[in-house]
>>> print(open('start.txt').read())   # compact mmCIF, C-alpha atoms
# COMPACT_ATOMS: atom_id res chain seq x y z
CA MET A 168 0.00 0.00 0.00
CA PRO A 169 1.42 3.41 -0.94
CA VAL A 170 2.17 6.09 1.66
CA ILE A 171 1.35 9.68 0.72
CA CYS A 172 1.15 13.15 2.23
CA LEU A 173 -2.58 13.78 2.36
CA HIS A 174 -3.85 17.32 1.75
CA ASP A 175 -7.54 16.90 1.04
CA LYS A 176 -9.44 17.98 4.15
CA ARG A 177 -12.68 16.23 3.22
CA THR A 178 -10.93 12.88 2.72
CA ILE A 179 -9.17 13.25 6.07
CA GLU A 180 -12.38 14.25 7.84
CA LEU A 181 -14.37 11.31 6.51
CA PHE A 182 -11.70 8.90 7.73
CA LEU A 183 -11.35 10.47 11.19
CA ARG A 184 -15.08 10.59 11.83
CA LYS A 185 -15.21 6.79 11.74
CA ASN A 186 -13.86 6.99 15.31
CA ILE A 187 -14.39 10.57 16.41
CA ASP A 188 -13.72 9.86 20.11
CA LEU A 189 -10.20 8.68 19.25
CA HIS A 190 -9.48 11.47 16.76
CA ILE A 191 -10.83 14.70 18.32
CA TYR A 192 -7.40 16.35 18.18
CA GLU A 193 -6.79 15.38 14.55
CA LEU A 194 -10.25 16.59 13.52
CA GLY A 195 -9.82 19.89 15.31
CA ASP A 196 -6.45 20.40 13.64
CA LEU A 197 -8.22 20.48 10.27
CA ASP A 198 -9.40 23.96 11.25
CA ASP A 199 -7.62 26.81 9.46
CA PHE A 200 -6.33 27.97 12.86
CA PHE A 201 -4.18 24.80 13.13
CA TRP A 202 -3.94 23.51 9.55
CA PRO A 203 -0.74 25.39 8.54
CA TYR A 204 1.15 23.56 11.31
CA THR A 205 0.10 20.05 10.26
CA THR A 206 1.45 17.32 8.00
CA ARG A 207 -0.69 14.23 7.37
CA TYR A 208 0.83 10.93 6.32
CA ALA A 209 -1.58 8.29 5.03
CA LEU A 210 -1.35 4.63 4.15
CA THR A 211 -3.79 4.12 1.28
CA ASP A 212 -5.49 1.30 -0.57
CA ASN A 213 -6.96 2.31 -3.94
CA GLU A 214 -6.53 5.93 -2.81
CA ILE A 215 -8.63 5.28 0.31
CA PRO A 216 -6.85 6.00 3.63
CA GLN A 217 -6.38 3.01 5.93
CA ALA A 218 -4.36 4.92 8.53
CA ILE A 219 -3.46 8.60 9.00
CA ALA A 220 -0.67 9.94 11.23
CA LEU A 221 -0.51 13.63 12.11
CA LEU A 222 2.70 15.58 12.70
CA TYR A 223 1.91 18.88 14.43
CA THR A 224 4.59 21.58 14.42
CA GLY A 225 2.74 24.48 16.03
CA LEU A 226 4.62 24.10 19.32
CA THR A 227 8.33 24.27 20.12
CA LEU A 228 8.54 20.48 19.97
CA PRO A 229 6.86 18.62 17.07
CA THR A 230 4.15 16.18 18.14
CA LEU A 231 3.22 12.98 16.32
CA LEU A 232 -0.27 11.54 16.76
CA ALA A 233 -0.32 7.89 15.68
CA LEU A 234 -3.62 6.56 16.97
CA ALA A 235 -5.53 3.65 15.49
CA GLU A 236 -7.84 0.80 16.45
CA PRO A 237 -6.78 -1.77 15.39
CA PRO A 238 -3.14 -0.63 14.98
CA THR A 239 -2.09 -2.90 12.07
CA TYR A 240 -2.26 -0.34 9.26
CA MET A 241 -0.77 2.37 11.47
CA ALA A 242 2.21 0.12 12.26
CA ASN A 243 2.90 -0.25 8.53
CA LEU A 244 2.53 3.51 8.05
CA LEU A 245 4.99 4.27 10.85
CA LYS A 246 7.56 1.88 9.39
CA SER A 247 7.37 3.75 6.09
CA ILE A 248 7.80 7.27 7.52
CA LEU A 249 10.53 6.52 10.11
CA PRO A 250 13.33 7.99 7.94
CA ILE A 251 11.58 11.35 7.49
CA LEU A 252 10.41 11.94 11.06
CA PRO A 253 12.16 14.69 13.07
CA ALA A 254 15.22 13.84 15.14
CA LYS A 255 13.27 14.67 18.29
CA PHE A 256 9.53 14.79 18.84
CA TYR A 257 6.76 14.01 21.30
CA ALA A 258 4.39 11.19 20.40
CA HIS A 259 1.00 9.72 21.20
CA PHE A 260 0.97 6.03 20.26
CA SER A 261 -1.88 3.58 20.46
CA PRO A 262 -0.82 0.56 22.59
CA GLY A 263 2.01 -1.40 20.98
CA LEU A 264 2.89 1.09 18.26
CA GLU A 265 5.90 2.36 20.23
CA LYS A 266 7.59 -0.95 19.39
CA VAL A 267 7.61 0.00 15.72
CA VAL A 268 9.99 2.92 16.30
CA GLN A 269 12.17 1.59 19.13
CA ASP A 270 14.93 0.24 16.84
CA SER A 271 15.50 3.68 15.31
CA PHE A 272 14.60 5.94 18.24
CA GLU A 273 15.13 6.13 21.97
CA LEU A 274 11.85 6.32 23.86
CA GLU A 275 11.17 8.02 27.17
CA SER A 276 7.75 6.99 28.43
CA PHE A 277 5.39 9.43 30.12
CA GLY A 278 2.89 6.73 30.95
CA VAL A 279 -0.45 5.41 29.83
CA HIS A 280 -3.14 8.00 29.17
CA TYR A 281 -6.88 7.80 28.57
CA LYS A 282 -9.04 9.59 26.07
CA MET A 283 -12.33 10.64 27.64
CA THR A 284 -15.40 12.03 25.88
CA LEU A 285 -18.34 13.95 27.31
CA LYS A 286 -21.28 11.57 26.83
CA ASP A 287 -23.83 12.88 29.36
CA ARG A 288 -24.30 16.67 29.45
CA SER A 289 -27.08 16.67 32.03
CA VAL A 290 -24.71 17.26 34.97
CA ILE A 291 -22.93 20.30 33.55
CA LYS A 292 -26.25 21.90 32.64
CA LYS A 293 -27.35 21.83 36.30
CA LEU A 294 -24.17 23.07 37.98
CA ASP A 295 -24.04 26.63 39.32
CA CYS A 296 -20.83 28.07 37.89
CA SER A 297 -21.58 31.70 38.64
CA GLN A 298 -18.26 32.25 40.42
CA VAL A 299 -16.33 31.20 37.31
CA ILE A 300 -15.10 33.97 35.00
CA ARG A 301 -14.11 33.97 31.35
CA LEU A 302 -10.40 34.69 30.86
CA SER A 303 -8.72 36.74 28.13
CA LYS A 304 -5.30 37.91 27.05
CA LEU A 305 -5.45 40.42 29.90
CA ASP A 306 -5.19 37.45 32.27
CA GLN A 307 -2.25 35.82 30.48
CA ASN A 308 0.44 36.73 33.02
CA ASP A 309 -1.68 35.41 35.89
CA MET A 310 -2.32 32.22 33.92
CA ILE A 311 1.37 31.67 33.28
CA GLN A 312 2.13 32.21 36.96
CA LEU A 313 -0.53 29.69 37.98
CA TYR A 314 0.84 27.11 35.55
CA GLU A 315 4.38 27.64 36.83
CA GLU A 316 3.24 27.09 40.41
CA SER A 317 0.78 24.23 39.98
CA TYR A 318 1.31 22.64 36.54
CA PRO A 319 4.95 23.04 35.46
CA GLY A 320 5.81 21.68 32.03
CA ASN A 321 2.24 21.93 30.75
CA TRP A 322 1.48 22.50 27.07
CA PHE A 323 0.05 26.02 27.04
CA ASP A 324 -0.15 27.84 23.71
CA SER A 325 -1.11 31.48 24.31
CA ARG A 326 -2.70 31.56 20.83
CA MET A 327 -5.52 29.47 22.26
CA LEU A 328 -6.76 32.48 24.22
CA GLU A 329 -8.07 33.72 20.87
CA THR A 330 -10.72 30.97 21.08
CA ASN A 331 -12.31 32.76 24.06
CA GLN A 332 -12.60 29.36 25.73
CA TYR A 333 -10.57 29.74 28.92
CA PHE A 334 -12.25 30.03 32.33
CA GLY A 335 -10.99 30.54 35.86
CA ILE A 336 -11.71 31.26 39.50
CA ARG A 337 -10.03 33.98 41.55
CA GLU A 338 -9.59 34.11 45.33
CA ASP A 339 -8.89 37.58 46.71
CA GLY A 340 -7.94 38.63 43.20
CA LYS A 341 -5.49 35.77 42.63
CA LEU A 342 -6.17 33.28 39.84
CA VAL A 343 -6.29 29.86 41.54
CA SER A 344 -8.07 27.56 39.09
CA ILE A 345 -8.29 27.36 35.31
CA ALA A 346 -9.63 25.25 32.45
CA GLY A 347 -9.13 25.76 28.74
CA VAL A 348 -8.75 24.04 25.40
CA HIS A 349 -5.93 22.46 23.44
CA VAL A 350 -8.08 22.18 20.32
CA PHE A 351 -11.21 24.11 19.36
CA SER A 352 -13.04 24.16 16.04
CA GLU A 353 -16.55 25.45 15.47
CA GLU A 354 -16.25 24.42 11.82
CA TYR A 355 -15.65 20.76 12.69
CA ARG A 356 -17.63 21.02 15.96
CA VAL A 357 -14.99 19.41 18.17
CA ALA A 358 -12.97 20.55 21.17
CA ALA A 359 -10.29 19.00 23.36
CA LEU A 360 -9.99 20.33 26.90
CA GLY A 361 -6.56 21.04 28.36
CA ASN A 362 -4.42 23.11 30.72
CA ILE A 363 -6.77 22.32 33.61
CA THR A 364 -5.28 22.93 37.04
CA THR A 365 -5.95 24.33 40.51
CA HIS A 366 -3.33 25.88 42.76
CA PRO A 367 -2.24 23.44 45.52
CA SER A 368 -3.37 25.88 48.22
CA SER A 369 -6.91 25.94 46.80
CA ARG A 370 -7.49 22.26 46.07
CA GLY A 371 -10.27 20.30 47.70
CA LYS A 372 -12.83 23.05 47.12
CA GLY A 373 -14.31 21.72 43.89
CA TYR A 374 -12.82 24.48 41.77
CA GLY A 375 -11.53 22.10 39.09
CA LYS A 376 -15.00 20.67 38.64
CA LEU A 377 -16.56 24.12 38.36
CA VAL A 378 -14.13 25.61 35.83
CA THR A 379 -14.34 22.46 33.71
CA ALA A 380 -18.13 22.48 33.86
CA LYS A 381 -18.28 26.16 32.90
CA LEU A 382 -15.97 25.50 29.96
CA CYS A 383 -18.17 22.60 28.82
CA GLN A 384 -21.28 24.78 29.18
CA SER A 385 -19.70 27.34 26.88
CA LEU A 386 -18.48 24.76 24.37
CA SER A 387 -21.82 22.96 24.23
CA LYS A 388 -23.39 25.89 22.41
CA ASN A 389 -21.45 25.13 19.20
CA ILE A 390 -19.53 21.89 19.76
CA ASP A 391 -20.85 18.36 19.24
CA CYS A 392 -17.90 16.34 20.56
CA ILE A 393 -15.93 17.39 23.67
CA GLY A 394 -12.99 15.27 24.79
CA LEU A 395 -9.80 15.34 26.82
CA ASN A 396 -6.64 13.38 27.59
CA VAL A 397 -5.76 12.38 31.14
CA LYS A 398 -3.01 10.26 32.64
CA ALA A 399 -4.31 6.84 33.64
CA ASP A 400 -2.96 7.07 37.20
CA ASN A 401 -4.55 10.49 37.84
CA HIS A 402 -7.46 8.90 39.65
CA SER A 403 -8.79 12.09 41.22
CA ALA A 404 -9.00 13.85 37.84
CA ILE A 405 -10.63 10.83 36.19
CA SER A 406 -13.19 10.65 38.99
CA CYS A 407 -13.94 14.36 38.60
CA TYR A 408 -14.42 14.04 34.84
CA GLU A 409 -16.63 10.96 35.22
CA LYS A 410 -18.86 12.85 37.65
CA LEU A 411 -19.24 15.55 34.99
CA GLY A 412 -20.40 13.00 32.40
CA PHE A 413 -17.14 11.99 30.68
CA GLU A 414 -16.40 8.36 29.79
CA ILE A 415 -13.10 6.62 28.97
CA CYS A 416 -13.08 5.65 25.30
CA ALA A 417 -9.46 4.69 24.50
CA SER A 418 -5.95 4.41 25.89
CA PHE A 419 -2.58 5.47 24.47
CA GLY A 420 0.99 6.09 25.54
CA GLU A 421 2.87 9.39 25.56
CA PHE A 422 6.58 9.36 24.73
CA MET A 423 9.52 11.63 24.15
CA VAL A 424 11.23 10.26 21.06
CA ARG A 425 14.86 10.87 20.02
CA ARG A 426 16.64 9.41 17.01
CA LYS A 427 19.52 7.10 17.94
>>> encode(input="start.txt", output="structure tokens")
Amino acid sequence: MPVICLHDKRTIELFLRKNIDLHIYELGDLDDFFWPYTTRYALTDNEIPQAIALLYTGLTLPTLLALAEPPTYMANLLKSILPILPAKFYAHFSPGLEKVVQDSFELESFGVHYKMTLKDRSVIKKLDCSQVIRLSKLDQNDMIQLYEESYPGNWFDSRMLETNQYFGIREDGKLVSIAGVHVFSEEYRVAALGNITTHPSSRGKGYGKLVTAKLCQSLSKNIDCIGLNVKADNHSAISCYEKLGFEICASFGEFMVRRK
């Protein structure tokens, strides 16, 4: 089967929507806001994609999304593109796909993660989120400070503030809790939550639940599919998301990848 760089958005979309819960990020990255930073590699059969891998270069470190169920076609795709992948990148691999690259690259594992999707919106509709405020670029310095103190090393892209989909809670004027998006597309009606954290001194008050619920309330006006990624051993976060109506739909591994 030939491997190509795929540029037709409609072809990509039709393939990804076969398993939208697994591919929320890749669908959202079809949006013009993200599209210039993406390269799509596809394994095809009679010009029909059987697997699509996404290389995203909008952050300092390129990120490869290689997610597939089952992973057979994706494994063959990865083997074909190994020589042209960057010397260093971050990767999301469906279980077992990391083995395909381990002969050519050194892998540093960051653990098993779950993909969760909002399936029941009845809870978020009922929650009183009146103390939650919408954040803007005027709050950026406070956001960066909060991330440095409570979520160091997180993947925050300040461009995402342009989506108007970041929410927070302040205590005595200080920003102590926040929830936002990694991916947002009204055109493709998908969003992936991210950069969710509460300052250690303010945990245990339900702030994380409230800011996430407020974000989901806002997104629900124009978004059909809302998802997120969470580390599998982050039991408190998973429990919080499940209480809000999210369900686990897939697992994957996160890795730092360096060419040998």
>>> closest_atom_pairs(input="start.txt", of="stretch 271-361 of chain A", to="stretch 191-203 of chain A", cutoff="8 Å", atoms="only C-alpha atoms", output="CSV")
residue,atom,partner,partner_atom,distance
A:Val350,CA,A:Gly195,CA,5.8
A:Phe351,CA,A:Gly195,CA,6.0
A:Ser352,CA,A:Gly195,CA,5.4
A:Glu354,CA,A:Asp198,CA,6.9
A:Tyr355,CA,A:Gly195,CA,6.5
A:Arg356,CA,A:Gly195,CA,7.9
A:Val357,CA,A:Gly195,CA,5.9
A:Ala358,CA,A:Gly195,CA,6.7
A:Ala359,CA,A:Tyr192,CA,6.5
>>> residues_near_point(input="start.txt", point="(-23.2, 27.5, 38.6)", cutoff="12 Å", atoms="only C-alpha atoms", output="MDAnalysis selection string")
chainID A and resid 290:300 373:374 376:382 384
>>> atom_distance(input="start.txt", atom1="atom CA of A:Ala209", atom2="atom CA of A:Ala254")
20.4 Å
>>> residues_around(input="start.txt", residues="stretch 172-189 of chain A", least_positions_apart="5", cutoff="10 Å", atoms="only C-alpha atoms", output="ChimeraX atom specification")
/A:194-195,197-198,202,205-211,214-221,234-236,261,281-285,355,357,392-395,415-419
>>> closest_residue(input="start.txt", among="A:His349, A:Asp309, A:Pro367, A:Lys304", to="A:Glu329", atoms="only C-alpha atoms")
A:Lys304
>>> residues_around(input="start.txt", residues="A:Leu264", least_positions_apart="6", cutoff="12 Å", atoms="all atoms listed in the file", output="number ranges by chain")
A: 220, 232-246, 258, 274, 419-422
>>> write_last_selection(input="start.txt", atoms="C-alpha atoms", output="PDB file, keeping the file's coordinate frame")
ATOM      1  CA  ALA A 220      -0.670   9.940  11.230  1.00  0.00           C
ATOM      2  CA  LEU A 232      -0.270  11.540  16.760  1.00  0.00           C
ATOM      3  CA  ALA A 233      -0.320   7.890  15.680  1.00  0.00           C
ATOM      4  CA  LEU A 234      -3.620   6.560  16.970  1.00  0.00           C
ATOM      5  CA  ALA A 235      -5.530   3.650  15.490  1.00  0.00           C
ATOM      6  CA  GLU A 236      -7.840   0.800  16.450  1.00  0.00           C
ATOM      7  CA  PRO A 237      -6.780  -1.770  15.390  1.00  0.00           C
ATOM      8  CA  PRO A 238      -3.140  -0.630  14.980  1.00  0.00           C
ATOM      9  CA  THR A 239      -2.090  -2.900  12.070  1.00  0.00           C
ATOM     10  CA  TYR A 240      -2.260  -0.340   9.260  1.00  0.00           C
ATOM     11  CA  MET A 241      -0.770   2.370  11.470  1.00  0.00           C
ATOM     12  CA  ALA A 242       2.210   0.120  12.260  1.00  0.00           C
ATOM     13  CA  ASN A 243       2.900  -0.250   8.530  1.00  0.00           C
ATOM     14  CA  LEU A 244       2.530   3.510   8.050  1.00  0.00           C
ATOM     15  CA  LEU A 245       4.990   4.270  10.850  1.00  0.00           C
ATOM     16  CA  LYS A 246       7.560   1.880   9.390  1.00  0.00           C
ATOM     17  CA  ALA A 258       4.390  11.190  20.400  1.00  0.00           C
ATOM     18  CA  LEU A 274      11.850   6.320  23.860  1.00  0.00           C
ATOM     19  CA  PHE A 419      -2.580   5.470  24.470  1.00  0.00           C
ATOM     20  CA  GLY A 420       0.990   6.090  25.540  1.00  0.00           C
ATOM     21  CA  GLU A 421       2.870   9.390  25.560  1.00  0.00           C
ATOM     22  CA  PHE A 422       6.580   9.360  24.730  1.00  0.00           C
TER      23      PHE A 422
END
>>> residues_around(input="start.txt", residues="A:Leu249", least_positions_apart="4", cutoff="10 Å", atoms="all atoms listed in the file", output="MDAnalysis selection string")
chainID A and resid 244:245 253 267:268 271:272 426
>>> closest_residue(input="start.txt", among="A:Asn362, A:Ser247, A:Ser387, A:Thr224", to="A:Trp322", atoms="only C-alpha atoms")
A:Asn362
>>> atom_distance(input="start.txt", atom1="atom CA of A:Thr230", atom2="atom CA of A:Phe256")
5.6 Å
>>> decode(input="start.txt", residues="stretch 265-309 of chain A", atoms="N, CA and C atoms", output="short mmCIF file (atom, residue, chain, number, x, y, z; two decimals), in the first residue's frame")
data_model
loop_
_atom_site.label_atom_id
_atom_site.label_comp_id
_atom_site.auth_asym_id
_atom_site.auth_seq_id
_atom_site.Cartn_x
_atom_site.Cartn_y
_atom_site.Cartn_z
N GLU A 265 4.56 1.88 19.86
CA GLU A 265 5.90 2.36 20.23
C GLU A 265 6.98 1.37 19.84
N LYS A 266 6.61 0.09 19.76
CA LYS A 266 7.59 -0.95 19.39
C LYS A 266 8.08 -0.79 17.96
N VAL A 267 7.25 -0.17 17.13
CA VAL A 267 7.61 0.00 15.72
C VAL A 267 8.82 0.93 15.57
N VAL A 268 8.94 1.91 16.46
CA VAL A 268 9.99 2.92 16.30
C VAL A 268 11.20 2.68 17.20
N GLN A 269 11.14 1.71 18.10
CA GLN A 269 12.17 1.59 19.13
C GLN A 269 13.54 1.18 18.59
N ASP A 270 13.62 0.59 17.41
CA ASP A 270 14.93 0.24 16.84
C ASP A 270 15.66 1.47 16.31
N SER A 271 14.91 2.47 15.90
CA SER A 271 15.50 3.68 15.31
C SER A 271 15.54 4.86 16.27
N PHE A 272 14.72 4.81 17.32
CA PHE A 272 14.60 5.94 18.24
C PHE A 272 14.68 5.48 19.69
N GLU A 273 15.20 6.34 20.53
CA GLU A 273 15.13 6.13 21.97
C GLU A 273 13.81 6.68 22.48
N LEU A 274 13.16 5.93 23.36
CA LEU A 274 11.85 6.32 23.86
C LEU A 274 11.89 6.58 25.36
N GLU A 275 11.35 7.71 25.76
CA GLU A 275 11.17 8.02 27.17
C GLU A 275 9.66 8.06 27.43
N SER A 276 9.18 7.10 28.21
CA SER A 276 7.75 6.99 28.43
C SER A 276 7.24 7.98 29.46
N PHE A 277 6.08 8.58 29.17
CA PHE A 277 5.39 9.43 30.12
C PHE A 277 4.07 8.80 30.54
N GLY A 278 4.00 7.48 30.39
CA GLY A 278 2.89 6.73 30.95
C GLY A 278 1.70 6.54 30.04
N VAL A 279 0.80 5.70 30.53
CA VAL A 279 -0.45 5.41 29.83
C VAL A 279 -1.43 6.56 30.09
N HIS A 280 -2.13 6.95 29.06
CA HIS A 280 -3.14 8.00 29.17
C HIS A 280 -4.47 7.48 28.63
N TYR A 281 -5.54 8.11 29.07
CA TYR A 281 -6.88 7.80 28.57
C TYR A 281 -7.42 8.96 27.75
N LYS A 282 -8.19 8.62 26.74
CA LYS A 282 -9.04 9.59 26.07
C LYS A 282 -10.43 9.47 26.67
N MET A 283 -10.98 10.62 27.07
CA MET A 283 -12.33 10.64 27.64
C MET A 283 -13.19 11.58 26.81
N THR A 284 -14.47 11.22 26.66
CA THR A 284 -15.40 12.03 25.88
C THR A 284 -16.64 12.33 26.72
N LEU A 285 -17.14 13.56 26.59
CA LEU A 285 -18.34 13.95 27.31
C LEU A 285 -19.56 13.29 26.66
N LYS A 286 -20.15 12.34 27.36
CA LYS A 286 -21.28 11.57 26.83
C LYS A 286 -22.62 12.01 27.42
N ASP A 287 -22.60 12.48 28.67
CA ASP A 287 -23.83 12.88 29.36
C ASP A 287 -23.68 14.35 29.79
N ARG A 288 -24.43 15.23 29.17
CA ARG A 288 -24.30 16.67 29.45
C ARG A 288 -25.30 17.16 30.50
N SER A 289 -26.05 16.25 31.08
CA SER A 289 -27.08 16.67 32.03
C SER A 289 -26.48 17.27 33.29
N VAL A 290 -25.32 16.77 33.73
CA VAL A 290 -24.71 17.26 34.97
C VAL A 290 -24.22 18.70 34.81
N ILE A 291 -23.50 18.96 33.72
CA ILE A 291 -22.93 20.30 33.55
C ILE A 291 -24.01 21.35 33.37
N LYS A 292 -25.16 20.95 32.84
CA LYS A 292 -26.25 21.90 32.64
C LYS A 292 -26.82 22.38 33.97
N LYS A 293 -26.73 21.53 35.00
CA LYS A 293 -27.35 21.83 36.30
C LYS A 293 -26.43 22.57 37.26
N LEU A 294 -25.12 22.51 37.03
CA LEU A 294 -24.17 23.07 37.98
C LEU A 294 -24.20 24.60 37.99
N ASP A 295 -24.12 25.18 39.17
CA ASP A 295 -24.04 26.63 39.32
C ASP A 295 -22.57 27.04 39.22
N CYS A 296 -22.22 27.67 38.13
CA CYS A 296 -20.83 28.07 37.89
C CYS A 296 -20.70 29.59 37.90
N SER A 297 -21.53 30.25 38.67
CA SER A 297 -21.58 31.70 38.64
C SER A 297 -20.29 32.36 39.13
N GLN A 298 -19.49 31.65 39.93
CA GLN A 298 -18.26 32.25 40.42
C GLN A 298 -17.10 32.10 39.43
N VAL A 299 -17.36 31.40 38.33
CA VAL A 299 -16.33 31.20 37.31
C VAL A 299 -16.36 32.35 36.31
N ILE A 300 -15.18 32.85 35.94
CA ILE A 300 -15.10 33.97 35.00
C ILE A 300 -14.42 33.54 33.71
N ARG A 301 -14.79 34.22 32.63
CA ARG A 301 -14.11 33.97 31.35
C ARG A 301 -12.80 34.74 31.34
N LEU A 302 -11.73 34.08 30.88
CA LEU A 302 -10.40 34.69 30.86
C LEU A 302 -10.06 35.18 29.46
N SER A 303 -9.15 36.16 29.40
CA SER A 303 -8.72 36.74 28.13
C SER A 303 -7.22 36.98 28.16
N LYS A 304 -6.73 37.61 27.11
CA LYS A 304 -5.30 37.91 27.05
C LYS A 304 -4.86 38.81 28.20
N LEU A 305 -5.78 39.57 28.76
CA LEU A 305 -5.45 40.42 29.90
C LEU A 305 -5.07 39.60 31.13
N ASP A 306 -5.48 38.34 31.15
CA ASP A 306 -5.19 37.45 32.27
C ASP A 306 -3.97 36.56 32.03
N GLN A 307 -3.30 36.76 30.89
CA GLN A 307 -2.25 35.82 30.48
C GLN A 307 -1.12 35.70 31.51
N ASN A 308 -0.66 36.81 32.05
CA ASN A 308 0.44 36.73 33.02
C ASN A 308 0.04 35.95 34.27
N ASP A 309 -1.19 36.16 34.74
CA ASP A 309 -1.68 35.41 35.89
C ASP A 309 -1.81 33.93 35.56
#
